[in-house]
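Student: my_file-v9.cif (mmCIF, C-alpha atoms and all ligand atoms) pasted underneath:
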data_target
#
loop_
_atom_site.label_atom_id
_atom_site.label_comp_id
_atom_site.auth_asym_id
_atom_site.auth_seq_id
_atom_site.Cartn_x
_atom_site.Cartn_y
_atom_site.Cartn_z
CA MET A 1 89.80 125.99 95.66
CA PRO A 2 89.27 125.10 92.00
CA ARG A 3 85.68 124.51 91.02
CA ALA A 4 86.64 122.19 88.20
CA SER A 5 85.97 118.48 88.42
CA ILE A 6 88.43 115.64 88.23
CA VAL A 7 87.93 112.47 86.22
CA VAL A 8 90.09 109.46 87.04
CA VAL A 9 90.24 106.91 84.24
CA GLY A 10 90.62 103.43 85.74
CA ALA A 11 89.34 101.61 88.80
CA GLY A 12 92.30 99.34 89.41
CA VAL A 13 94.36 99.77 92.54
CA THR A 14 96.18 102.76 91.02
CA GLY A 15 93.03 104.67 90.06
CA LEU A 16 91.19 103.85 93.28
CA THR A 17 94.13 104.92 95.44
CA ALA A 18 94.73 108.09 93.44
CA ALA A 19 91.01 108.95 93.63
CA THR A 20 91.15 108.45 97.41
CA LEU A 21 94.04 110.91 97.81
CA LEU A 22 92.48 113.44 95.41
CA GLN A 23 89.23 113.27 97.37
CA GLN A 24 91.09 113.92 100.62
CA GLU A 25 92.95 116.86 99.11
CA TYR A 26 89.97 118.39 97.28
CA PRO A 27 86.85 117.54 99.33
CA ASN A 28 84.76 120.15 97.48
CA VAL A 29 85.66 119.06 93.97
CA ALA A 30 83.49 116.52 92.11
CA ILE A 31 85.61 113.45 91.46
CA THR A 32 84.44 110.75 89.06
CA ILE A 33 86.05 107.43 88.24
CA VAL A 34 85.36 106.22 84.71
CA ALA A 35 86.40 102.66 84.03
CA ALA A 36 85.57 99.79 81.72
CA GLU A 37 85.74 97.44 84.71
CA THR A 38 85.23 98.20 88.38
CA PRO A 39 85.46 96.09 91.55
CA MET A 40 82.65 93.55 91.73
CA PRO A 41 79.70 94.22 94.04
CA SER A 42 80.43 90.93 95.81
CA THR A 43 83.60 88.97 96.29
CA SER A 44 82.03 85.84 94.81
CA LEU A 45 84.52 83.54 93.13
CA ASN A 46 82.08 83.25 90.22
CA ASP A 47 82.74 86.86 89.25
CA THR A 48 85.14 86.83 86.35
CA PRO A 49 86.73 90.12 85.39
CA SER A 50 88.82 90.19 82.21
CA ALA A 51 92.53 89.31 82.25
CA ASP A 52 93.15 92.99 81.38
CA TYR A 53 91.86 94.12 84.77
CA ALA A 54 95.16 93.26 86.47
CA SER A 55 94.13 94.38 89.94
CA MET A 56 91.62 91.54 90.25
CA TRP A 57 94.27 88.87 89.63
CA ALA A 58 97.19 89.94 91.82
CA GLY A 59 98.50 87.95 94.83
CA ALA A 60 99.13 90.35 96.45
CA HIS A 61 102.10 90.62 98.74
CA TYR A 62 104.81 93.20 99.43
CA ARG A 63 108.24 91.90 98.49
CA PRO A 64 110.79 94.71 98.53
CA ILE A 65 113.09 94.54 95.53
CA HIS A 66 116.77 94.82 96.33
CA PRO A 67 119.38 95.57 95.10
CA LEU A 68 118.90 99.27 94.56
CA THR A 69 121.06 99.31 91.47
CA THR A 70 119.04 101.50 89.11
CA PRO A 71 117.35 104.89 89.57
CA GLN A 72 114.03 103.21 88.75
CA LEU A 73 114.44 100.64 91.52
CA GLN A 74 115.60 103.30 93.96
CA PHE A 75 112.53 105.38 93.17
CA GLU A 76 110.20 102.38 93.45
CA HIS A 77 111.84 101.45 96.72
CA LYS A 78 110.79 104.82 98.15
CA LEU A 79 107.24 104.35 96.85
CA GLY A 80 107.12 100.88 98.42
CA MET A 81 108.36 102.05 101.82
CA HIS A 82 105.81 104.86 101.82
CA ALA A 83 103.00 102.50 100.82
CA ALA A 84 104.03 100.00 103.51
CA GLY A 85 103.43 102.58 106.25
CA ILE A 86 99.89 103.23 105.00
CA MET A 87 99.06 99.56 104.37
CA ARG A 88 100.14 98.68 107.90
CA ARG A 89 97.90 101.39 109.30
CA ILE A 90 94.98 100.08 107.22
CA ALA A 91 95.69 96.56 108.49
CA ARG A 92 95.52 97.78 112.10
CA GLU A 93 92.60 100.20 111.82
CA ASN A 94 90.42 98.58 109.13
CA PRO A 95 90.61 94.79 109.31
CA GLU A 96 87.59 94.61 106.96
CA ALA A 97 89.76 96.09 104.17
CA GLY A 98 91.49 92.75 103.55
CA VAL A 99 95.05 93.83 104.39
CA ALA A 100 97.07 92.00 107.06
CA GLU A 101 100.61 92.14 108.35
CA MET A 102 102.29 88.76 108.28
CA PRO A 103 105.71 87.11 108.28
CA ALA A 104 107.55 86.80 104.98
CA MET A 105 110.34 84.49 103.88
CA GLU A 106 112.47 84.39 100.73
CA TYR A 107 114.89 81.81 99.30
CA PHE A 108 117.28 82.48 96.42
CA GLN A 109 119.33 80.00 94.42
CA LYS A 110 121.47 82.76 92.91
CA PRO A 111 121.21 85.90 95.05
CA ALA A 112 122.42 89.26 93.72
CA PRO A 113 125.69 90.48 95.30
CA GLU A 114 123.85 93.32 97.05
CA LEU A 115 121.63 90.83 98.84
CA LEU A 116 124.65 88.91 100.06
CA ARG A 117 125.90 92.10 101.72
CA MET A 118 122.74 92.44 103.82
CA THR A 119 122.93 91.49 107.47
CA THR A 120 120.41 90.74 110.19
CA GLY A 121 118.90 93.95 111.54
CA ASP A 122 119.07 95.83 108.22
CA VAL A 123 115.94 97.57 106.95
CA TYR A 124 114.26 95.59 104.16
CA ALA A 125 110.49 96.18 104.12
CA TRP A 126 110.30 99.05 106.65
CA PRO A 127 112.27 100.22 109.69
CA GLY A 128 111.81 97.66 112.46
CA ASP A 129 110.68 94.89 110.11
CA GLY A 130 112.66 92.22 112.02
CA PHE A 131 114.81 91.45 108.97
CA ARG A 132 117.00 88.38 109.54
CA VAL A 133 119.35 86.52 107.22
CA LEU A 134 118.63 82.79 107.49
CA GLU A 135 121.33 80.39 108.68
CA LYS A 136 122.58 77.82 106.19
CA HIS A 137 120.81 75.01 108.07
CA GLU A 138 117.46 76.86 107.75
CA LEU A 139 117.62 76.93 103.95
CA PRO A 140 116.31 74.32 101.52
CA ARG A 141 119.10 72.12 100.15
CA ASP A 142 119.55 73.97 96.84
CA ALA A 143 119.11 77.56 98.14
CA ALA A 144 122.18 79.78 98.55
CA TRP A 145 120.63 82.59 100.57
CA GLY A 146 117.40 83.41 102.38
CA CYS A 147 115.83 85.90 104.74
CA GLU A 148 112.77 86.53 106.86
CA TYR A 149 111.04 89.76 107.81
CA GLN A 150 107.62 91.20 108.49
CA SER A 151 105.48 92.15 105.47
CA TYR A 152 101.80 92.41 104.53
CA CYS A 153 99.41 90.66 102.17
CA ILE A 154 96.21 91.84 100.53
CA ASN A 155 92.97 90.08 99.66
CA VAL A 156 92.69 92.01 96.40
CA PRO A 157 88.97 91.85 95.50
CA VAL A 158 88.06 92.74 99.09
CA TYR A 159 90.58 95.60 99.23
CA CYS A 160 89.59 97.17 95.89
CA ARG A 161 85.93 96.97 96.81
CA TRP A 162 86.73 98.59 100.17
CA LEU A 163 88.60 101.44 98.46
CA MET A 164 85.72 102.02 96.04
CA ASP A 165 83.01 101.89 98.74
CA ARG A 166 84.89 104.49 100.79
CA PHE A 167 85.25 106.68 97.73
CA LEU A 168 81.51 106.42 97.00
CA ALA A 169 80.57 107.03 100.65
CA LYS A 170 82.51 110.30 100.55
CA GLY A 171 80.58 111.54 97.52
CA GLY A 172 82.68 110.16 94.66
CA ARG A 173 81.00 108.92 91.48
CA VAL A 174 81.82 105.82 89.48
CA ILE A 175 80.80 105.40 85.84
CA ARG A 176 81.31 102.09 84.10
CA ARG A 177 82.24 102.89 80.54
CA ARG A 178 84.89 101.83 78.03
CA LEU A 179 86.67 104.78 76.43
CA SER A 180 88.30 104.69 73.01
CA SER A 181 91.04 107.05 74.20
CA VAL A 182 92.00 108.87 77.39
CA GLY A 183 91.04 112.13 75.67
CA GLU A 184 87.46 110.86 75.46
CA ALA A 185 87.25 111.30 79.25
CA PHE A 186 86.84 115.04 78.63
CA VAL A 187 83.49 114.24 77.02
CA VAL A 188 82.23 112.66 80.24
CA ALA A 189 81.97 115.91 82.20
CA GLY A 190 82.96 118.69 79.83
CA GLU A 191 86.35 120.22 79.19
CA ASP A 192 86.63 122.09 82.47
CA GLN A 193 88.22 119.22 84.31
CA LEU A 194 91.45 117.45 85.02
CA VAL A 195 91.77 113.92 83.66
CA VAL A 196 93.95 111.50 85.59
CA ASN A 197 94.98 108.53 83.50
CA CYS A 198 95.26 105.36 85.60
CA SER A 199 94.20 103.01 82.82
CA GLY A 200 96.91 100.46 83.54
CA ARG A 201 98.26 100.21 79.99
CA ASN A 202 97.21 103.63 78.63
CA ILE A 203 94.41 102.27 76.46
CA GLY A 204 96.89 100.69 74.08
CA THR A 205 98.75 103.80 72.92
CA ASP A 206 102.17 103.68 74.60
CA PRO A 207 104.87 101.75 72.69
CA LYS A 208 106.80 101.27 75.95
CA VAL A 209 103.94 99.22 77.42
CA LYS A 210 103.88 95.42 77.23
CA ILE A 211 101.89 92.82 79.07
CA ILE A 212 103.31 90.14 81.32
CA ARG A 213 100.89 87.27 81.71
CA GLY A 214 100.58 85.78 85.17
CA GLN A 215 98.82 82.50 86.00
CA THR A 216 98.24 81.47 89.60
CA VAL A 217 95.95 79.09 91.49
CA LEU A 218 93.75 80.10 94.42
CA VAL A 219 93.47 77.21 96.89
CA LYS A 220 91.26 76.91 99.96
CA GLN A 221 94.08 75.97 102.32
CA GLN A 222 95.33 78.93 104.33
CA TYR A 223 99.09 79.36 104.78
CA HIS A 224 100.43 81.46 107.65
CA ARG A 225 103.07 83.57 105.86
CA THR A 226 104.07 84.71 102.40
CA ILE A 227 107.04 82.90 100.92
CA THR A 228 108.97 83.18 97.64
CA TRP A 229 111.54 80.80 96.16
CA GLN A 230 113.56 82.19 93.23
CA ARG A 231 115.57 79.74 91.14
CA ALA A 232 118.65 80.51 89.08
CA ASP A 233 116.74 79.78 85.84
CA GLY A 234 114.38 82.68 86.53
CA THR A 235 111.41 80.54 87.62
CA TRP A 236 109.89 81.03 91.01
CA ALA A 237 107.34 79.62 93.39
CA PHE A 238 105.37 81.68 95.87
CA LEU A 239 102.55 81.48 98.35
CA ILE A 240 100.46 84.51 99.19
CA PRO A 241 97.77 84.02 101.83
CA ARG A 242 94.68 86.15 101.28
CA PRO A 243 93.69 87.77 104.57
CA ASN A 244 90.17 87.41 106.00
CA GLY A 245 90.04 83.68 105.22
CA GLY A 246 90.42 84.10 101.45
CA GLY A 247 92.63 81.02 100.92
CA THR A 248 96.14 81.11 99.45
CA ILE A 249 97.49 82.11 96.04
CA VAL A 250 99.91 79.50 94.66
CA GLY A 251 102.08 81.04 92.01
CA GLY A 252 103.09 81.83 89.57
CA THR A 253 104.19 82.63 86.03
CA LYS A 254 105.63 85.71 84.30
CA GLU A 255 105.13 85.40 80.54
CA LEU A 256 106.09 88.45 78.54
CA ASP A 257 103.74 89.25 75.63
CA ASP A 258 101.70 86.06 76.12
CA TRP A 259 98.08 87.02 75.46
CA GLU A 260 96.43 83.70 76.33
CA SER A 261 93.56 84.60 78.65
CA ALA A 262 92.47 81.07 79.51
CA PRO A 263 94.29 79.20 82.27
CA ARG A 264 96.53 76.42 81.00
CA ASP A 265 95.96 73.04 82.67
CA GLU A 266 99.62 72.08 82.42
CA THR A 267 100.62 75.35 84.11
CA ARG A 268 98.21 74.71 86.98
CA GLU A 269 99.66 71.19 87.45
CA ARG A 270 103.21 72.54 87.39
CA LEU A 271 102.46 75.30 89.90
CA LEU A 272 100.82 72.93 92.36
CA ARG A 273 103.58 70.32 91.99
CA ARG A 274 106.29 72.94 92.47
CA CYS A 275 104.49 74.22 95.54
CA VAL A 276 104.47 70.76 97.12
CA GLU A 277 108.18 70.34 96.37
CA SER A 278 109.19 73.84 97.46
CA PHE A 279 107.03 74.31 100.57
CA PRO A 280 106.64 70.90 102.21
CA ASP A 281 105.14 72.41 105.39
CA PHE A 282 102.04 73.59 103.47
CA VAL A 283 100.25 70.82 101.56
CA LYS A 284 101.84 67.39 101.23
CA THR A 285 100.46 66.17 97.88
CA VAL A 286 98.95 67.79 94.79
CA GLU A 287 95.77 65.74 95.30
CA GLU A 288 95.15 67.38 98.69
CA PHE A 289 94.74 70.89 97.25
CA VAL A 290 91.22 72.27 97.21
CA VAL A 291 91.38 74.48 94.12
CA LEU A 292 88.96 77.43 94.23
CA LYS A 293 89.96 79.25 91.08
CA ASP A 294 92.52 79.50 88.28
CA ASN A 295 93.68 83.07 87.75
CA VAL A 296 95.08 84.70 84.64
CA GLY A 297 95.97 88.38 84.59
CA ARG A 298 97.99 90.73 82.40
CA ARG A 299 100.45 92.85 84.33
CA PRO A 300 100.63 96.35 82.78
CA TRP A 301 104.40 96.48 82.43
CA ARG A 302 106.16 99.59 81.11
CA GLU A 303 109.79 99.91 80.11
CA GLY A 304 111.38 102.31 82.62
CA GLY A 305 108.49 101.99 85.07
CA TYR A 306 105.43 104.13 85.68
CA ARG A 307 104.69 107.10 83.48
CA PHE A 308 104.09 110.02 85.81
CA GLU A 309 103.64 113.04 83.60
CA ILE A 310 101.47 116.08 82.90
CA GLU A 311 100.31 116.35 79.30
CA GLN A 312 98.28 119.14 77.76
CA ILE A 313 96.57 117.62 74.73
CA ALA A 314 94.71 120.82 73.75
CA PRO A 315 93.99 124.19 75.35
CA GLY A 316 92.01 123.48 78.52
CA LYS A 317 92.58 119.74 78.29
CA THR A 318 95.21 118.53 80.73
CA ILE A 319 95.97 114.92 81.59
CA VAL A 320 98.00 113.65 84.51
CA HIS A 321 99.34 110.23 83.58
CA GLY A 322 99.90 107.55 86.20
CA TYR A 323 100.07 104.12 84.61
CA GLY A 324 102.45 101.23 83.94
CA ALA A 325 102.62 99.65 87.40
CA GLY A 326 103.89 96.29 86.09
CA GLY A 327 103.98 93.56 88.72
CA ARG A 328 104.07 95.90 91.72
CA GLY A 329 100.90 97.96 91.57
CA TYR A 330 99.70 97.14 95.09
CA GLU A 331 102.95 97.42 96.97
CA LEU A 332 103.70 100.78 95.33
CA SER A 333 100.10 102.05 95.22
CA TRP A 334 100.13 104.71 97.94
CA GLY A 335 103.50 106.02 96.77
CA ALA A 336 102.32 106.12 93.15
CA ALA A 337 99.08 107.85 94.14
CA GLY A 338 101.12 110.41 96.10
CA LYS A 339 103.11 111.15 92.97
CA ILE A 340 99.89 111.51 90.94
CA LEU A 341 98.49 113.89 93.57
CA GLU A 342 101.69 115.94 93.41
CA LEU A 343 101.24 116.37 89.64
CA ALA A 344 97.52 117.14 90.01
CA LYS A 345 98.37 119.87 92.52
CA GLU A 346 100.86 121.30 90.06
CA VAL A 347 98.07 121.62 87.51
CA LEU A 348 95.27 122.72 89.85
CA GLY A 349 97.36 125.03 91.95
CA GLY A 350 99.51 126.48 89.17
CA LYS A 351 98.75 128.78 86.31
CA ALA A 352 97.51 125.99 84.05
CA LYS A 353 93.85 126.58 83.38
CA LEU A 354 91.75 123.47 83.37
C1 LIG B 401 99.34 87.02 88.66
C2 LIG B 401 99.64 88.41 89.19
C3 LIG B 401 100.20 88.57 90.46
C4 LIG B 401 100.49 89.84 90.95
N1 LIG B 401 100.99 89.96 92.22
C5 LIG B 401 101.25 91.20 92.73
C6 LIG B 401 101.75 91.34 94.04
O1 LIG B 401 101.96 90.37 94.77
N2 LIG B 401 101.99 92.60 94.51
C7 LIG B 401 101.75 93.71 93.75
O2 LIG B 401 101.98 94.82 94.24
N3 LIG B 401 101.26 93.59 92.48
C8 LIG B 401 101.03 92.37 91.95
N4 LIG B 401 100.55 92.24 90.67
C9 LIG B 401 100.50 93.44 89.81
C10 LIG B 401 99.23 94.25 90.02
O3 LIG B 401 98.10 93.45 89.83
C11 LIG B 401 99.22 95.41 89.04
O4 LIG B 401 100.43 96.13 89.09
C12 LIG B 401 98.09 96.38 89.36
O5 LIG B 401 96.89 95.69 89.52
C13 LIG B 401 97.95 97.46 88.30
O6 LIG B 401 96.88 98.26 88.69
P1 LIG B 401 96.34 99.43 87.77
O7 LIG B 401 95.25 100.07 88.52
O8 LIG B 401 97.49 100.28 87.35
O9 LIG B 401 95.81 98.70 86.46
P2 LIG B 401 94.53 97.74 86.29
O10 LIG B 401 94.25 96.98 87.52
O11 LIG B 401 94.74 96.95 85.05
O12 LIG B 401 93.32 98.74 86.10
C14 LIG B 401 93.15 99.45 84.91
C15 LIG B 401 91.81 100.16 84.96
O13 LIG B 401 91.67 100.94 83.79
C16 LIG B 401 90.46 100.61 83.15
N5 LIG B 401 90.58 100.77 81.71
C17 LIG B 401 91.52 100.22 80.89
N6 LIG B 401 91.25 100.54 79.61
C18 LIG B 401 90.12 101.30 79.64
C19 LIG B 401 89.33 101.92 78.65
N7 LIG B 401 89.61 101.82 77.33
N8 LIG B 401 88.23 102.64 79.03
C20 LIG B 401 87.91 102.76 80.35
N9 LIG B 401 88.61 102.17 81.32
C21 LIG B 401 89.70 101.45 80.98
C22 LIG B 401 90.22 99.15 83.53
O14 LIG B 401 88.85 98.79 83.33
C23 LIG B 401 90.62 99.20 84.99
O15 LIG B 401 89.56 99.71 85.75
C24 LIG B 401 100.23 90.98 90.15
C25 LIG B 401 99.62 90.82 88.90
C26 LIG B 401 99.33 89.56 88.42
C27 LIG B 401 98.66 89.43 87.08
#
So that I can check it, write out the structure of this file as structure tokens.
Tutor:
Amino acid sequence: MPRASIVVVGAGVTGLTAATLLQQEYPNVAITIVAAETPMPSTSLNDTPSADYASMWAGAHYRPIHPLTTPQLQFEHKLGMHAAGIMRRIARENPEAGVAEMPAMEYFQKPAPELLRMTTGDVYAWPGDGFRVLEKHELPRDAAWGCEYQSYCINVPVYCRWLMDRFLAKGGRVIRRRLSSVGEAFVVAGEDQLVVNCSGRNIGTDPKVKIIRGQTVLVKQQYHRTITWQRADGTWAFLIPRPNGGGTIVGGTKELDDWESAPRDETRERLLRRCVESFPDFVKTVEEFVVLKDNVGRRPWREGGYRFEIEQIAPGKTIVHGYGAGGRGYELSWGAAGKILELAKEVLGGKAKL
């Protein structure tokens, strides 16, 4: 068993999940999370993390992405399936964690050919997910294809706090500190350690990383399933209920390279109006919504997907990178953390000296 310590940079869903797996694998190794922002001590709606702390602003639901046309999507599909098994177990065994299984529905105006080939009974979210292709008469007037299946949703501030509390209860340490580079993490506990980089966007040093702004509205009304409506023009409407009575996320936007951190009033109006038009069984008029919060977050998107890589920046200074989750950090989290653990084991178990 190595006596070195491990420092995880980042306390978003990726860092917290990776730290959880590392702690399970190395119970006798000191593991520290260092992050500029960490989950809030309460889940008060007055807490306002920065737009850069993506994990605080997600929906979050699990919406498997088909078709599996690229190696990246095929790989992510595996991560998502793996994560779904663990999230479902958490939902059953730890209801306080803010994860719940629930029905999901999707409508498409212009479905990809691969989707059109799917038939009722196929596996979509996980084996036995009850996947069913909707009949024409069940679709909204302008939708060409739709499906329903079983999925899960996450109350994100509750879940991240739960992950961190468990980590702390098992002896983990959390330090709130902004680093100027990932390499600076070696200063935190000396060089004899492994640094795991889950900083979301790699502290601004990866040219493949961009941000995708997302604005959503949290409303008090509680919907009973997650639903997504994708239009041919690339816009979409979705509802994501937050388990444990956390209201419903009405969404949402995807704005590449848009750095505006304040919510836009016109966007909020548009999202609520589109929700009323798209999901008439939820809330009948815009005026009826009880708005709890406007959300703006920056998805840490990376061309080609996550960077999972071992990098030795100097003798004795090894970094395992695990960042660039984009818009899927929750639904892929346990798969991504498994990949990070695999790389950490390569370093800790192999000839590489920490
Ligand atoms: C509107 C919206 C809706 C979304 N919906 C979903 C969804 O339904 N399902 C889903 O799976 N995903 C969804 N996402 C995406 C999801 O939020 C992200 O993929 C995920 O949160 C990324 O997590 P992360 O831990 O990699 O990064 P982050 O959550 O951004 O965490 C990065 C961590 O690194 C730390 N850090 C960064 N820089 C430094 C530094 N210089 N020094 C020290 N620490 C640093 C930060 O403080 C933070 O702790 C959504 C995102 C948005 C914005």
Student: Residues within 6 Å of Val219 (chain A), please, as a ChimeraX atom specification. Count all atoms listed in the file; anything in the same chain fewer than 5 positions from it doesn't count.
Tutor: /A:247-248,290-292
Student: Fewer than 4 positions away in the same chain doesn't count, so skip those; otherwise give me all residues within 12 Å of Asp122 (chain A), counting all atoms listed in the file, as a ChimeraX atom specification.
Tutor: /A:115,117-118,126-133,147-149
Student: Could you turn the residues from that selection into a file that holds C-alpha atoms, as a PDB file, in the frame of the given file?
Tutor:
ATOM      1  CA  LEU A 115     121.630  90.830  98.840  1.00  0.00           C
ATOM      2  CA  ARG A 117     125.900  92.100 101.720  1.00  0.00           C
ATOM      3  CA  MET A 118     122.740  92.440 103.820  1.00  0.00           C
ATOM      4  CA  TRP A 126     110.300  99.050 106.650  1.00  0.00           C
ATOM      5  CA  PRO A 127     112.270 100.220 109.690  1.00  0.00           C
ATOM      6  CA  GLY A 128     111.810  97.660 112.460  1.00  0.00           C
ATOM      7  CA  ASP A 129     110.680  94.890 110.110  1.00  0.00           C
ATOM      8  CA  GLY A 130     112.660  92.220 112.020  1.00  0.00           C
ATOM      9  CA  PHE A 131     114.810  91.450 108.970  1.00  0.00           C
ATOM     10  CA  ARG A 132     117.000  88.380 109.540  1.00  0.00           C
ATOM     11  CA  VAL A 133     119.350  86.520 107.220  1.00  0.00           C
ATOM     12  CA  CYS A 147     115.830  85.900 104.740  1.00  0.00           C
ATOM     13  CA  GLU A 148     112.770  86.530 106.860  1.00  0.00           C
ATOM     14  CA  TYR A 149     111.040  89.760 107.810  1.00  0.00           C
TER      15      TYR A 149
END
Student: Counting all atoms listed in the file, which residues have an atom no more than 7 Å from (101.4, 84.0, 78.7) in the file's coordinates? Please list them as a PyMOL selection string.
Tutor: chain A and resi 212-214+255-260
Student: Residues within 6 Å of ligand LIG 401 (chain B), counting all atoms listed in the file: report them as a PyMOL selection string.
Tutor: chain A and resi 9-15+35-38+52-55+57-62+177-180+198-200+203+214-216+297-299+323+325-331
Student: Please produce, as a Markdown table, a per-residue contact table for region 176-261 of chain A versus region 319-322 of chain A (criterion: any atom at most 9 Å away, all atoms listed in the file considered), showing the nearest atom pair and its distance in Å to one decimal, sorted by chain then residue number.
Tutor:
| residue | atom | partner | partner_atom | distance |
| --- | --- | --- | --- | --- |
| A:Val182 | CA | A:Ile319 | CA | 8.4 |
| A:Gly183 | CA | A:Ile319 | CA | 8.2 |
| A:Leu194 | CA | A:Ile319 | CA | 6.2 |
| A:Val195 | CA | A:Ile319 | CA | 4.8 |
| A:Val196 | CA | A:Val320 | CA | 4.7 |
| A:Asn197 | CA | A:His321 | CA | 4.7 |
| A:Cys198 | CA | A:Gly322 | CA | 5.2 |
| A:Ser199 | CA | A:Gly322 | CA | 8.0 |
| A:Gly200 | CA | A:Gly322 | CA | 8.1 |
| A:Asn202 | CA | A:His321 | CA | 8.5 |
Student: One decimal, in Å: what's the spacing between CA of Ala336 (chain A) and CA of Ile33 (chain A)?
Tutor: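 Computing the Euclidean distance for CA of Ala336 (chain A) and CA of Ile33 (chain A) yields 17.0 Å.
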Student: Reconstruct N, CA, C and O atoms of region 72-83 of chain A from the incomplete input and present them as a short mmCIF file (atom, residue, chain, number, x, y, z; two decimals), in the frame of the given file.
Tutor:
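Below is the file that was written, selection-v2.cif:
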data_model
loop_
_atom_site.label_atom_id
_atom_site.label_comp_id
_atom_site.auth_asym_id
_atom_site.auth_seq_id
_atom_site.Cartn_x
_atom_site.Cartn_y
_atom_site.Cartn_z
N GLN A 72 115.43 103.65 88.70
CA GLN A 72 114.03 103.21 88.75
C GLN A 72 113.75 102.40 90.02
O GLN A 72 112.77 102.61 90.73
N LEU A 73 114.66 101.46 90.33
CA LEU A 73 114.44 100.64 91.52
C LEU A 73 114.56 101.46 92.80
O LEU A 73 113.85 101.23 93.77
N GLN A 74 115.46 102.44 92.78
CA GLN A 74 115.60 103.30 93.96
C GLN A 74 114.31 104.09 94.18
O GLN A 74 113.82 104.21 95.30
N PHE A 75 113.77 104.62 93.09
CA PHE A 75 112.53 105.38 93.17
C PHE A 75 111.38 104.49 93.66
O PHE A 75 110.62 104.83 94.57
N GLU A 76 111.29 103.30 93.07
CA GLU A 76 110.20 102.38 93.45
C GLU A 76 110.36 101.93 94.90
O GLU A 76 109.38 101.69 95.60
N HIS A 77 111.60 101.84 95.34
CA HIS A 77 111.84 101.45 96.72
C HIS A 77 111.22 102.48 97.68
O HIS A 77 110.57 102.12 98.67
N LYS A 78 111.38 103.75 97.33
CA LYS A 78 110.79 104.82 98.15
C LYS A 78 109.26 104.71 98.13
O LYS A 78 108.61 104.86 99.16
N LEU A 79 108.70 104.47 96.95
CA LEU A 79 107.24 104.35 96.85
C LEU A 79 106.76 103.18 97.72
O LEU A 79 105.75 103.27 98.42
N GLY A 80 107.51 102.08 97.67
CA GLY A 80 107.12 100.88 98.42
C GLY A 80 107.18 101.10 99.92
O GLY A 80 106.30 100.65 100.66
N MET A 81 108.22 101.77 100.38
CA MET A 81 108.36 102.05 101.82
C MET A 81 107.21 102.94 102.29
O MET A 81 106.64 102.74 103.35
N HIS A 82 106.90 103.95 101.47
CA HIS A 82 105.81 104.86 101.82
C HIS A 82 104.48 104.09 101.89
O HIS A 82 103.71 104.22 102.84
N ALA A 83 104.25 103.27 100.86
CA ALA A 83 103.00 102.50 100.82
C ALA A 83 102.91 101.55 102.01
O ALA A 83 101.83 101.36 102.59
#
